[in-house]
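Undergrad: Next comes the structure file my_file13.txt, holding compact mmCIF, C-alpha atoms.
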# COMPACT_ATOMS: atom_id res chain seq x y z
CA MET Z 1 22.02 16.08 -5.53
CA GLY Z 2 22.73 14.25 -8.75
CA ARG Z 3 19.01 14.09 -9.41
CA VAL Z 4 18.60 17.84 -8.86
CA LEU Z 5 21.44 18.74 -11.23
CA PHE Z 6 20.16 16.36 -13.85
CA ILE Z 7 16.70 17.85 -13.74
CA LEU Z 8 18.06 21.39 -13.84
CA ALA Z 9 20.10 20.42 -16.89
CA VAL Z 10 17.03 19.01 -18.59
CA LEU Z 11 15.09 22.21 -17.82
CA VAL Z 12 17.87 24.37 -19.23
CA VAL Z 13 18.07 22.34 -22.43
CA VAL Z 14 14.34 22.28 -23.02
CA GLY Z 15 13.91 25.79 -21.66
CA GLY Z 16 13.16 28.97 -23.38
CA ALA Z 17 10.07 29.82 -25.37
CA GLY Z 18 9.46 26.20 -26.36
CA ALA Z 19 8.91 24.97 -22.83
CA TRP Z 20 5.95 27.21 -22.04
CA PRO Z 21 3.47 26.04 -24.68
CA LEU Z 22 4.80 22.47 -24.46
CA SER Z 23 4.07 22.32 -20.76
CA ALA Z 24 0.56 23.75 -20.93
CA PRO Z 25 -2.10 21.91 -18.90
CA ARG Z 26 -4.50 20.09 -21.20
CA PRO Z 27 -7.68 19.27 -19.32
CA ARG Z 28 -9.83 16.85 -21.24
CA PHE Z 29 -13.07 18.72 -20.54
CA GLY Z 30 -13.63 22.40 -21.22
CA PRO Z 31 -16.34 24.50 -19.59
CA ALA Z 32 -19.05 23.48 -22.09
CA ASP Z 33 -18.33 19.76 -21.60
CA VAL Z 34 -18.30 20.29 -17.85
CA ARG Z 35 -21.88 21.54 -17.90
CA ALA Z 36 -22.96 18.55 -19.99
CA LEU Z 37 -21.50 16.00 -17.60
CA GLU Z 38 -23.59 16.62 -14.53
CA ALA Z 39 -26.46 14.20 -14.95
CA GLY Z 40 -26.74 10.83 -13.24
CA GLY Z 41 -24.21 9.00 -11.10
CA ASP Z 42 -24.75 5.85 -9.04
CA ALA Z 43 -23.29 6.23 -5.57
CA ALA Z 44 -23.24 2.48 -4.91
CA ALA Z 45 -21.19 1.92 -8.06
CA GLY Z 46 -19.10 4.93 -7.07
CA ARG Z 47 -18.26 3.27 -3.77
CA ILE Z 48 -16.67 0.39 -5.70
CA VAL Z 49 -14.52 2.85 -7.64
CA PHE Z 50 -13.60 4.53 -4.35
CA LEU Z 51 -12.50 1.21 -2.84
CA ALA Z 52 -10.69 0.04 -5.96
CA GLY Z 53 -8.89 3.37 -6.15
CA GLY Z 54 -7.85 3.27 -2.51
CA CYS Z 55 -8.67 6.95 -2.14
CA GLU Z 56 -8.95 6.83 1.65
CA SER Z 57 -5.42 5.51 2.00
CA CYS Z 58 -4.04 8.92 1.02
CA HIS Z 59 -6.95 11.29 1.61
CA ALA Z 60 -8.40 10.24 4.98
CA SER Z 61 -7.57 12.68 7.79
CA PRO Z 62 -4.67 11.16 9.77
CA GLY Z 63 -4.80 10.49 13.49
CA GLN Z 64 -8.43 9.41 13.62
CA PRO Z 65 -10.13 6.09 12.82
CA ASP Z 66 -12.90 7.11 10.38
CA ARG Z 67 -11.54 6.32 6.93
CA LEU Z 68 -14.42 8.19 5.29
CA ARG Z 69 -13.41 11.55 6.72
CA LEU Z 70 -11.40 12.73 3.73
CA GLY Z 71 -9.87 15.92 5.09
CA GLY Z 72 -6.44 15.20 3.61
CA GLY Z 73 -3.14 16.09 5.26
CA PHE Z 74 -1.47 12.69 5.46
CA GLU Z 75 2.28 12.97 4.79
CA LEU Z 76 3.36 11.01 1.73
CA LYS Z 77 7.17 10.82 1.75
CA THR Z 78 8.91 10.39 -1.59
CA PRO Z 79 12.41 11.00 -3.01
CA PHE Z 80 11.09 14.39 -4.23
CA GLY Z 81 9.94 15.59 -0.82
CA SER Z 82 6.71 15.24 1.14
CA PHE Z 83 3.28 15.52 -0.46
CA TYR Z 84 0.13 16.29 1.50
CA PRO Z 85 -2.98 14.96 -0.28
CA PRO Z 86 -5.77 17.56 -0.24
CA ASN Z 87 -9.20 17.59 1.38
CA ILE Z 88 -11.60 15.79 -0.99
CA SER Z 89 -14.60 15.80 1.33
CA PRO Z 90 -17.73 17.61 0.09
CA ASP Z 91 -16.92 20.62 2.26
CA ARG Z 92 -17.58 23.67 0.09
CA GLU Z 93 -14.87 25.83 1.66
CA ASP Z 94 -11.96 23.46 2.19
CA GLY Z 95 -12.92 20.38 0.17
CA ILE Z 96 -14.32 19.72 -3.29
CA GLY Z 97 -17.97 20.34 -2.45
CA ASP Z 98 -18.32 22.89 -5.26
CA TRP Z 99 -16.64 20.71 -7.88
CA SER Z 100 -18.56 19.48 -10.90
CA VAL Z 101 -18.22 16.01 -12.39
CA GLY Z 102 -16.16 17.63 -15.15
CA ASP Z 103 -13.72 19.06 -12.60
CA LEU Z 104 -13.29 15.61 -11.04
CA ALA Z 105 -12.86 14.10 -14.51
CA ASN Z 106 -10.13 16.58 -15.39
CA ALA Z 107 -8.35 15.77 -12.15
CA LEU Z 108 -8.53 11.99 -12.47
CA LEU Z 109 -8.17 11.64 -16.23
CA SER Z 110 -5.93 14.59 -17.15
CA GLY Z 111 -4.14 15.40 -13.90
CA VAL Z 112 -5.31 19.02 -14.09
CA SER Z 113 -6.88 20.93 -11.20
CA ARG Z 114 -9.96 23.11 -11.22
CA GLN Z 115 -7.62 26.09 -11.25
CA GLY Z 116 -6.10 24.75 -14.46
CA GLU Z 117 -2.78 23.65 -12.94
CA HIS Z 118 -0.97 20.33 -13.21
CA TYR Z 119 -1.19 17.87 -10.35
CA TYR Z 120 1.95 16.14 -9.18
CA PRO Z 121 1.91 12.47 -10.23
CA ALA Z 122 2.08 11.50 -6.56
CA PHE Z 123 -1.64 11.70 -7.29
CA PRO Z 124 -1.59 8.68 -9.60
CA TYR Z 125 -3.64 10.00 -12.50
CA THR Z 126 -1.21 8.06 -14.70
CA SER Z 127 -3.24 5.04 -13.58
CA TYR Z 128 -6.57 6.71 -12.80
CA GLN Z 129 -6.71 7.93 -16.42
CA ARG Z 130 -8.10 4.47 -17.23
CA LEU Z 131 -11.33 5.18 -15.38
CA THR Z 132 -14.30 5.75 -17.67
CA LEU Z 133 -16.50 8.83 -17.55
CA ASP Z 134 -19.22 6.70 -15.96
CA ASP Z 135 -16.75 5.69 -13.24
CA VAL Z 136 -16.02 9.35 -12.56
CA ARG Z 137 -19.70 10.28 -12.54
CA ASN Z 138 -20.43 7.45 -10.08
CA LEU Z 139 -17.45 8.30 -7.90
CA ALA Z 140 -18.61 11.92 -7.72
CA ALA Z 141 -22.05 10.75 -6.60
CA TYR Z 142 -20.48 8.60 -3.86
CA LEU Z 143 -18.07 11.28 -2.65
CA ARG Z 144 -21.00 13.65 -2.19
CA THR Z 145 -22.56 11.26 0.33
CA LEU Z 146 -19.54 11.46 2.64
CA PRO Z 147 -19.23 13.85 5.60
CA PRO Z 148 -17.85 17.36 4.89
CA VAL Z 149 -14.61 17.96 6.76
CA ALA Z 150 -13.31 21.45 7.51
CA GLY Z 151 -9.64 22.37 7.19
CA ARG Z 152 -7.11 22.29 4.41
CA ALA Z 153 -4.02 20.11 4.07
CA PRO Z 154 -0.62 21.82 4.36
CA PRO Z 155 1.13 22.71 1.08
CA HIS Z 156 3.56 20.12 -0.27
CA ALA Z 157 7.07 20.28 1.20
CA LEU Z 158 9.23 20.00 -1.91
CA SER Z 159 12.62 21.45 -2.71
CA PHE Z 160 13.60 23.33 -5.85
CA PRO Z 161 13.29 22.49 -8.76
CA PHE Z 162 10.39 20.17 -7.92
CA THR Z 163 8.44 23.25 -6.87
CA ILE Z 164 8.04 24.31 -10.51
CA ARG Z 165 4.56 22.93 -11.03
CA ARG Z 166 4.42 24.04 -14.64
CA ALA Z 167 7.36 21.76 -15.45
CA LEU Z 168 5.05 18.81 -14.85
CA GLY Z 169 3.65 19.56 -18.30
CA LEU Z 170 6.97 18.41 -19.72
CA TRP Z 171 6.99 15.40 -17.42
CA LYS Z 172 3.56 14.49 -18.72
CA LEU Z 173 4.76 14.65 -22.33
CA LEU Z 174 7.34 12.02 -21.44
CA PHE Z 175 5.50 9.77 -19.03
CA PHE Z 176 1.76 10.37 -19.17
CA ASN Z 177 0.80 8.31 -22.17
CA LYS Z 178 -2.95 8.94 -22.10
CA THR Z 179 -3.55 5.79 -24.09
CA ALA Z 180 -6.47 3.54 -23.38
CA LEU Z 181 -5.88 -0.12 -22.56
CA GLU Z 182 -5.03 -2.11 -25.68
CA PRO Z 183 -7.75 -4.25 -27.17
CA ALA Z 184 -7.11 -7.84 -26.18
CA PRO Z 185 -9.21 -10.14 -28.31
CA GLY Z 186 -9.68 -13.62 -26.91
CA ARG Z 187 -9.39 -12.52 -23.27
CA GLY Z 188 -12.35 -13.22 -21.01
CA GLU Z 189 -14.38 -10.86 -18.85
CA ARG Z 190 -12.61 -11.74 -15.63
CA TRP Z 191 -9.18 -10.98 -17.13
CA ARG Z 192 -10.47 -7.66 -18.46
CA LEU Z 193 -11.90 -6.71 -15.10
CA GLY Z 194 -8.60 -7.66 -13.47
CA ARG Z 195 -6.65 -5.57 -15.96
CA TRP Z 196 -8.89 -2.54 -15.36
CA LEU Z 197 -8.52 -2.95 -11.61
CA VAL Z 198 -4.73 -3.38 -11.64
CA GLU Z 199 -3.83 -0.84 -14.34
CA GLY Z 200 -6.61 1.64 -13.52
CA PRO Z 201 -8.01 2.47 -10.10
CA GLY Z 202 -5.84 -0.11 -8.31
CA HIS Z 203 -2.78 1.82 -9.51
CA CYS Z 204 -0.55 -1.11 -8.46
CA ALA Z 205 2.17 -0.20 -10.94
CA GLU Z 206 2.77 3.13 -9.20
CA CYS Z 207 4.46 1.39 -6.26
CA HIS Z 208 5.35 -1.95 -7.81
CA SER Z 209 7.40 -0.64 -10.77
CA PRO Z 210 10.96 0.73 -10.93
CA ARG Z 211 11.20 4.43 -11.80
CA ASN Z 212 13.86 6.42 -13.63
CA LEU Z 213 15.66 9.53 -12.40
CA LEU Z 214 12.80 11.78 -13.47
CA GLY Z 215 10.30 9.69 -11.53
CA GLY Z 216 8.65 8.06 -14.54
CA ILE Z 217 7.89 4.35 -14.54
CA VAL Z 218 10.35 2.23 -16.54
CA ALA Z 219 7.78 0.87 -18.99
CA SER Z 220 9.61 -2.34 -19.87
CA ARG Z 221 9.79 -3.29 -16.18
CA ARG Z 222 6.26 -2.33 -15.21
CA LEU Z 223 4.95 -4.24 -12.17
CA THR Z 224 8.25 -6.08 -11.64
CA GLY Z 225 8.71 -4.54 -8.22
CA ALA Z 226 10.61 -1.61 -6.71
CA PRO Z 227 12.40 -0.54 -3.53
CA SER Z 228 10.19 1.37 -1.08
CA PRO Z 229 10.47 5.15 -1.46
CA ASP Z 230 11.60 5.49 2.16
CA GLY Z 231 14.56 3.23 1.50
CA LYS Z 232 13.43 0.35 3.67
CA GLY Z 233 11.97 -2.79 2.20
CA LYS Z 234 10.38 -3.25 -1.18
CA ALA Z 235 7.22 -3.67 -3.18
CA SER Z 236 7.35 -7.11 -4.77
CA ASP Z 237 7.29 -8.31 -8.36
CA LEU Z 238 3.62 -8.83 -9.26
CA THR Z 239 4.15 -10.46 -12.66
CA SER Z 240 3.55 -14.17 -13.14
CA ALA Z 241 7.32 -14.62 -12.72
CA GLY Z 242 7.36 -12.79 -9.39
CA LEU Z 243 4.23 -14.58 -8.18
CA ALA Z 244 5.35 -18.00 -9.42
CA LYS Z 245 5.10 -19.47 -5.92
CA TRP Z 246 1.64 -18.01 -5.32
CA SER Z 247 -1.52 -19.63 -6.62
CA ALA Z 248 -4.45 -17.47 -7.73
CA ASP Z 249 -6.15 -18.50 -4.47
CA ASP Z 250 -3.14 -17.23 -2.49
CA ILE Z 251 -3.45 -13.83 -4.18
CA VAL Z 252 -7.19 -13.71 -3.48
CA GLU Z 253 -6.55 -14.63 0.17
CA ALA Z 254 -3.86 -11.97 0.58
CA LEU Z 255 -6.11 -9.27 -0.87
CA ASN Z 256 -8.88 -10.36 1.47
CA SER Z 257 -7.13 -11.07 4.78
CA GLY Z 258 -3.64 -9.64 4.25
CA PHE Z 259 -2.05 -13.03 4.94
CA THR Z 260 0.56 -14.52 2.61
CA PRO Z 261 1.00 -18.25 1.91
CA GLN Z 262 3.74 -18.21 4.60
CA GLY Z 263 1.23 -16.94 7.18
CA ASP Z 264 2.90 -13.52 7.26
CA ALA Z 265 0.71 -10.42 7.53
CA LEU Z 266 1.30 -7.91 4.71
CA GLY Z 267 2.67 -4.73 6.23
CA GLY Z 268 3.56 -1.19 5.31
CA ALA Z 269 1.38 0.41 2.65
CA MET Z 270 -0.10 -2.97 1.67
CA ALA Z 271 -2.06 -3.04 4.94
CA ALA Z 272 -3.91 0.04 3.70
CA VAL Z 273 -4.43 -1.55 0.28
CA VAL Z 274 -5.88 -4.73 1.80
CA ARG Z 275 -8.28 -2.64 3.93
CA ASN Z 276 -9.81 -1.55 0.64
CA THR Z 277 -9.53 -4.68 -1.52
CA ALA Z 278 -11.11 -6.70 1.30
CA GLN Z 279 -14.29 -4.65 0.83
CA LEU Z 280 -14.55 -5.29 -2.91
CA PRO Z 281 -16.79 -8.06 -4.25
CA PRO Z 282 -14.93 -11.42 -4.17
CA SER Z 283 -15.07 -11.65 -7.97
CA TYR Z 284 -12.91 -8.49 -8.14
CA ARG Z 285 -10.12 -10.08 -6.10
CA GLU Z 286 -10.34 -13.16 -8.31
CA ALA Z 287 -10.11 -10.93 -11.37
CA ILE Z 288 -6.94 -9.26 -10.04
CA ALA Z 289 -5.44 -12.69 -9.38
CA GLU Z 290 -6.25 -13.87 -12.91
CA TYR Z 291 -4.68 -10.79 -14.47
CA LEU Z 292 -1.49 -11.03 -12.40
CA LYS Z 293 -1.07 -14.77 -12.89
CA ASN Z 294 -1.17 -14.13 -16.65
CA LEU Z 295 1.19 -11.15 -16.66
CA PRO Z 296 4.50 -11.95 -18.39
CA GLY Z 297 7.58 -11.23 -16.28
CA SER Z 298 10.40 -8.98 -17.40
CA ASP Z 299 13.55 -10.64 -18.69
CA ALA Z 300 15.87 -8.00 -17.32
CA PRO Z 301 17.27 -8.94 -13.93
CA LEU Z 302 16.55 -6.32 -11.23
CA GLY Z 303 19.83 -6.57 -9.39
CA PRO Z 304 21.60 -8.98 -7.06
CA PRO Z 305 19.28 -11.84 -6.07
CA ARG Z 306 17.59 -11.23 -2.74
CA PRO Z 307 17.42 -13.95 -0.09
CA THR Z 308 13.90 -15.38 0.09
CA PRO Z 309 12.20 -13.88 3.17
CA MET Q 310 41.20 -30.99 36.75
CA LYS Q 311 38.70 -29.30 39.05
CA ARG Q 312 40.20 -25.91 38.18
CA LEU Q 313 39.77 -26.70 34.49
CA VAL Q 314 36.14 -27.67 34.93
CA VAL Q 315 35.29 -24.60 37.02
CA THR Q 316 37.09 -22.26 34.61
CA THR Q 317 35.29 -23.79 31.66
CA LEU Q 318 31.93 -23.46 33.39
CA ILE Q 319 32.57 -19.79 34.22
CA LEU Q 320 33.64 -19.07 30.64
CA ALA Q 321 30.61 -20.92 29.28
CA CYS Q 322 28.28 -18.79 31.44
CA GLY Q 323 29.97 -15.64 30.21
CA LEU Q 324 29.81 -16.66 26.58
CA GLY Q 325 26.22 -17.79 26.99
CA ALA Q 326 25.28 -14.36 28.34
CA VAL Q 327 26.96 -12.58 25.44
CA ALA Q 328 25.31 -14.90 22.93
CA ALA Q 329 21.90 -14.32 24.52
CA GLU Q 330 22.20 -10.53 24.22
CA GLY Q 331 23.12 -10.62 20.55
CA ASP Q 332 20.34 -13.14 20.03
CA ALA Q 333 17.38 -10.80 20.48
CA VAL Q 334 16.93 -10.45 16.72
CA ALA Q 335 17.23 -14.20 16.14
CA GLN Q 336 14.78 -14.99 18.94
CA ARG Q 337 12.13 -12.55 17.80
CA ARG Q 338 12.44 -13.71 14.20
CA ALA Q 339 11.96 -17.28 15.39
CA LEU Q 340 8.86 -16.33 17.41
CA MET Q 341 7.35 -14.51 14.45
CA LYS Q 342 8.14 -17.42 12.14
CA ALA Q 343 6.33 -19.71 14.57
CA ASN Q 344 3.40 -17.27 14.47
CA GLY Q 345 3.40 -17.46 10.68
CA ASP Q 346 3.33 -21.25 10.74
CA ALA Q 347 0.46 -21.14 13.23
CA THR Q 348 -1.35 -18.63 11.01
CA LYS Q 349 -1.09 -20.93 8.02
CA ILE Q 350 -3.03 -23.50 10.00
CA VAL Q 351 -5.61 -21.04 11.33
CA VAL Q 352 -6.25 -19.44 7.93
CA GLY Q 353 -6.43 -22.88 6.33
CA MET Q 354 -9.15 -23.98 8.74
CA LEU Q 355 -11.03 -20.70 8.30
CA LYS Q 356 -11.02 -21.33 4.56
CA GLY Q 357 -12.45 -24.81 4.86
CA ALA Q 358 -9.70 -27.26 5.82
CA PRO Q 359 -10.97 -29.91 8.29
CA PHE Q 360 -11.31 -28.35 11.75
CA ASP Q 361 -8.96 -29.67 14.45
CA LEU Q 362 -9.54 -28.21 17.91
CA ALA Q 363 -6.14 -29.30 19.22
CA ALA Q 364 -4.38 -27.62 16.29
CA ALA Q 365 -6.39 -24.45 16.83
CA GLN Q 366 -5.54 -24.39 20.53
CA THR Q 367 -1.86 -24.96 19.79
CA ALA Q 368 -1.84 -22.10 17.32
CA LEU Q 369 -3.47 -19.77 19.84
CA LYS Q 370 -0.95 -20.81 22.49
CA THR Q 371 1.85 -20.00 20.04
CA TYR Q 372 0.37 -16.51 19.61
CA ALA Q 373 0.00 -16.02 23.37
CA ASP Q 374 3.61 -17.12 24.02
CA ALA Q 375 4.94 -14.82 21.33
CA ALA Q 376 2.88 -11.89 22.61
CA ALA Q 377 4.31 -12.38 26.10
CA LYS Q 378 7.95 -12.65 25.03
CA MET Q 379 8.20 -10.25 22.08
CA PRO Q 380 8.16 -6.93 23.96
CA THR Q 381 11.33 -7.97 25.83
CA LEU Q 382 13.24 -8.67 22.62
CA PHE Q 383 13.69 -5.10 21.39
CA PRO Q 384 16.55 -3.68 23.45
CA ASP Q 385 18.08 -0.44 22.23
CA ASP Q 386 21.11 -2.22 20.79
CA SER Q 387 19.06 -4.46 18.50
CA LYS Q 388 17.85 -1.90 15.99
CA THR Q 389 19.99 -3.23 13.16
CA GLY Q 390 21.78 -6.42 12.21
CA GLY Q 391 20.66 -10.02 11.99
CA ASP Q 392 18.52 -9.19 8.94
CA THR Q 393 15.94 -7.62 11.24
CA SER Q 394 12.67 -6.34 9.76
CA ALA Q 395 12.08 -4.03 12.72
CA LEU Q 396 11.50 -0.39 11.82
CA PRO Q 397 12.91 2.52 13.92
CA ALA Q 398 9.27 3.45 14.62
CA ILE Q 399 9.24 0.68 17.24
CA TRP Q 400 11.67 2.54 19.48
CA GLU Q 401 9.95 5.85 18.78
CA ASN Q 402 6.60 4.41 19.88
CA LYS Q 403 7.58 1.79 22.43
CA ALA Q 404 4.45 2.20 24.53
CA ASP Q 405 2.10 1.69 21.57
CA PHE Q 406 4.20 -1.21 20.28
CA THR Q 407 4.19 -2.99 23.63
CA GLY Q 408 0.48 -2.28 24.12
CA ARG Q 409 -0.34 -4.01 20.87
CA PHE Q 410 1.39 -7.21 21.99
CA LYS Q 411 -0.50 -7.04 25.24
CA LYS Q 412 -3.81 -6.86 23.37
CA PHE Q 413 -2.75 -9.62 21.00
CA GLY Q 414 -1.92 -11.86 23.96
CA GLN Q 415 -5.21 -11.05 25.67
CA ASP Q 416 -7.17 -11.78 22.49
CA ALA Q 417 -5.34 -15.08 21.99
CA MET Q 418 -5.95 -16.23 25.56
CA ALA Q 419 -9.59 -15.18 25.47
CA ALA Q 420 -9.97 -17.19 22.28
CA MET Q 421 -8.29 -20.21 23.88
CA ALA Q 422 -10.85 -20.08 26.66
CA THR Q 423 -13.89 -19.71 24.43
CA ILE Q 424 -13.09 -21.72 21.29
CA THR Q 425 -14.49 -25.20 21.82
CA ASP Q 426 -15.70 -26.19 18.38
CA GLU Q 427 -15.70 -25.21 14.73
CA ALA Q 428 -18.48 -22.66 15.07
CA SER Q 429 -16.82 -20.75 17.91
CA PHE Q 430 -13.51 -21.01 16.06
CA LYS Q 431 -14.90 -19.42 12.91
CA ALA Q 432 -16.56 -16.71 14.97
CA LYS Q 433 -13.62 -15.78 17.15
CA ALA Q 434 -10.38 -16.61 15.36
CA PRO Q 435 -10.62 -13.62 12.96
CA ASP Q 436 -10.56 -11.22 15.93
CA VAL Q 437 -7.21 -12.62 16.99
CA LEU Q 438 -5.84 -12.41 13.45
CA ASN Q 439 -6.93 -8.78 13.14
CA ASN Q 440 -4.04 -7.82 15.42
CA CYS Q 441 -1.37 -8.78 12.91
CA GLY Q 442 -1.91 -6.27 10.10
CA GLY Q 443 -2.07 -3.16 12.27
CA CYS Q 444 1.33 -3.81 13.83
CA HIS Q 445 2.97 -4.84 10.57
CA GLU Q 446 1.64 -1.73 8.89
CA LEU Q 447 3.54 0.54 11.28
CA TYR Q 448 6.46 -1.44 12.62
CA LYS Q 449 7.68 -3.96 10.06
CA VAL Q 450 9.79 -3.35 6.94
CA LYS Q 451 7.57 -3.87 3.92
CA LYS Q 452 8.65 -6.86 1.92
CA GLY Q 453 5.58 -7.53 -0.20
Give the structure from this file in structure tokens form.

TA:
Amino acid sequence: MGRVLFILAVLVVVGGAGAWPLSAPRPRFGPADVRALEAGGDAAAGRIVFLAGGCESCHASPGQPDRLRLGGGFELKTPFGSFYPPNISPDREDGIGDWSVGDLANALLSGVSRQGEHYYPAFPYTSYQRLTLDDVRNLAAYLRTLPPVAGRAPPHALSFPFTIRRALGLWKLLFFNKTALEPAPGRGERWRLGRWLVEGPGHCAECHSPRNLLGGIVASRRLTGAPSPDGKGKASDLTSAGLAKWSADDIVEALNSGFTPQGDALGGAMAAVVRNTAQLPPSYREAIAEYLKNLPGSDAPLGPPRPTP
Amino acid sequence: MKRLVVTTLILACGLGAVAAEGDAVAQRRALMKANGDATKIVVGMLKGAPFDLAAAQTALKTYADAAAKMPTLFPDDSKTGGDTSALPAIWENKADFTGRFKKFGQDAMAAMATITDEASFKAKAPDVLNNCGGCHELYKVKKG
């Protein structure tokens, strides 16, 4: 309730004529660019992007075992309500079969739909924005090889005021920084690959960072961990401080087999993540481990110390 | 004196029964911890630690024992308390939950019968381990 009133207050304050142009969707590619983007696309490379991005974890049709049937409809529960990821199979009626590379690029890099509307950041374009155009082109080529699936996902089940899709334009002004990764001279290739994987398609920060009342990531505490959205359990601190008791090999093992150094099997949403990271080339898991083991921890304490599991 | 002994024995039985009921969470946590310790050994050997058939067989026996006992340790009054990691989904899907332990036990015992050396271990142990993630994904509080 407090969250709803707070957001309503923000809307009232910002409201009026100023809010409309401020909140306008800003797709990166206009119609002319879209036509220019069609050529090429390597489906094999696109499969790597697909795995790194974990697309099937949200978009695969629930209740059946084929993770490449991307009919959407899985229920993603969050503090804002339930989201139902859409059908992204190449079906021309119910999926994205008639999308161009430019449309996919606008979705992943700008969080704007083909109809020119904002996407909710439950679709983590805040991380996916770090994909390159080549990544998008390759991903499009791969997605087109997958089976078309008929049927649309249900609409999102959100309560007012989260139903005001246009308001996401204001949210984006605050929390969608659209900045490329900072140049990091002196860092090797493996670290760079790890950074791209973690901060880009891997979208780890989306679950593993604390968020403020408006649902934006608290930048200074990025990747330091967060309680699970459904109130049970947590996503752990992935900085070098949080992973102090894990070696790089332990991280690689966990991303491959799902087993922790204690012999526990990673559960909850991480089981879905591991299903994808296990299929990446081994050097990618090593790159993720190198990036995380070199990530400085946050100095701010998260709360009362938790007993070690 | 005899009355004292008999009374004490009766009380001890009663207290023991009460302690056992409240112990379901503690017992299942202990079984799962034993599974974790066994898994450390199995994963270690899969990754290249020197193969030890006896250790592998012991680990598989630990899994089989746990699989047999675990389904009985989730009575309706053990949903909370004792720092349990059990999710409500267990009681909503009891048949599926129990079925998974049955399969896990079957896989572990089949592996015990057919693993005789390092080659058969490396071929068959992963199948047993594949049971863990699926259950944890649905039924265990996420802590990682």

Undergrad: May I ask for the distance between atom CA of Z:Gln279 and atom CA of Z:Ser257, given in Å to one decimal place?

TA: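 Distance reported for this atom pair: 10.4 Å.
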
Undergrad: Which residues, written as a PyMOL selection string, have at least one atom at most 7 Å from stretch 102-116 of chain Z, with all atoms listed in the file counted and residues fewer than 4 positions away on the same chain left out?

TA: chain Z and resi 25-29+34+37+125+128-129+136

Undergrad: Please determine the contact residues of chain Z with respect to chain Q at a cut-off of 8 Å, counting only C-alpha atoms, and supply them as a PyMOL selection string.

TA: chain Z and resi 228+232-236+258+261-272+309

Undergrad: Expressed in Å to a single decimal, how great is the separation between atom CA of Z:Gly186 and atom CA of Z:Ala244?

TA: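 Atom CA of Z:Ala244 lies at a distance of 23.5 Å from atom CA of Z:Gly186.
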
Undergrad: As an exercise, work out the distance from atom CA of Z:Ala150 to atom CA of Z:Val49 in Å and give it to one decimal place.

TA: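 Taking atom CA of Z:Ala150 as the start and atom CA of Z:Val49 as the end point, the length is 24.0 Å.
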
Undergrad: Might you pull out every residue within 12 Å of Z:Gly95, with only C-alpha atoms counted and same-chain residues fewer than 5 positions away left off, and present them as a list in words?

TA: His59, Arg69, Leu70, Gly71, Gly72, Gly73, Pro85, Pro86, Asn87, Ile88, Ser89, Pro90, Leu143, Arg144, Leu146, Pro147, Pro148, Val149, Ala150, Gly151, Arg152 and Ala153 of chain Z

Undergrad: For C-alpha atoms, I'd like the residues from the last selection saved as a short mmCIF file (atom, residue, chain, number, x, y, z; two decimals), keeping the file's coordinate frame.

TA:
data_model
loop_
_atom_site.label_atom_id
_atom_site.label_comp_id
_atom_site.auth_asym_id
_atom_site.auth_seq_id
_atom_site.Cartn_x
_atom_site.Cartn_y
_atom_site.Cartn_z
CA HIS Z 59 -6.95 11.29 1.61
CA ARG Z 69 -13.41 11.55 6.72
CA LEU Z 70 -11.40 12.73 3.73
CA GLY Z 71 -9.87 15.92 5.09
CA GLY Z 72 -6.44 15.20 3.61
CA GLY Z 73 -3.14 16.09 5.26
CA PRO Z 85 -2.98 14.96 -0.28
CA PRO Z 86 -5.77 17.56 -0.24
CA ASN Z 87 -9.20 17.59 1.38
CA ILE Z 88 -11.60 15.79 -0.99
CA SER Z 89 -14.60 15.80 1.33
CA PRO Z 90 -17.73 17.61 0.09
CA LEU Z 143 -18.07 11.28 -2.65
CA ARG Z 144 -21.00 13.65 -2.19
CA LEU Z 146 -19.54 11.46 2.64
CA PRO Z 147 -19.23 13.85 5.60
CA PRO Z 148 -17.85 17.36 4.89
CA VAL Z 149 -14.61 17.96 6.76
CA ALA Z 150 -13.31 21.45 7.51
CA GLY Z 151 -9.64 22.37 7.19
CA ARG Z 152 -7.11 22.29 4.41
CA ALA Z 153 -4.02 20.11 4.07
#

Undergrad: Compile the contact shell of Z:Lys172 as a compact mmCIF listing (two decimals) with C-alpha atoms, in the coordinates of the input: residues with an atom at most 9 Å away, counting all atoms listed in the file, same-chain residues fewer than 5 positions apart removed.

TA:
# COMPACT_ATOMS: atom_id res chain seq x y z
CA SER Z 23 4.07 22.32 -20.76
CA PRO Z 121 1.91 12.47 -10.23
CA THR Z 126 -1.21 8.06 -14.70
CA ALA Z 167 7.36 21.76 -15.45
CA ASN Z 177 0.80 8.31 -22.17
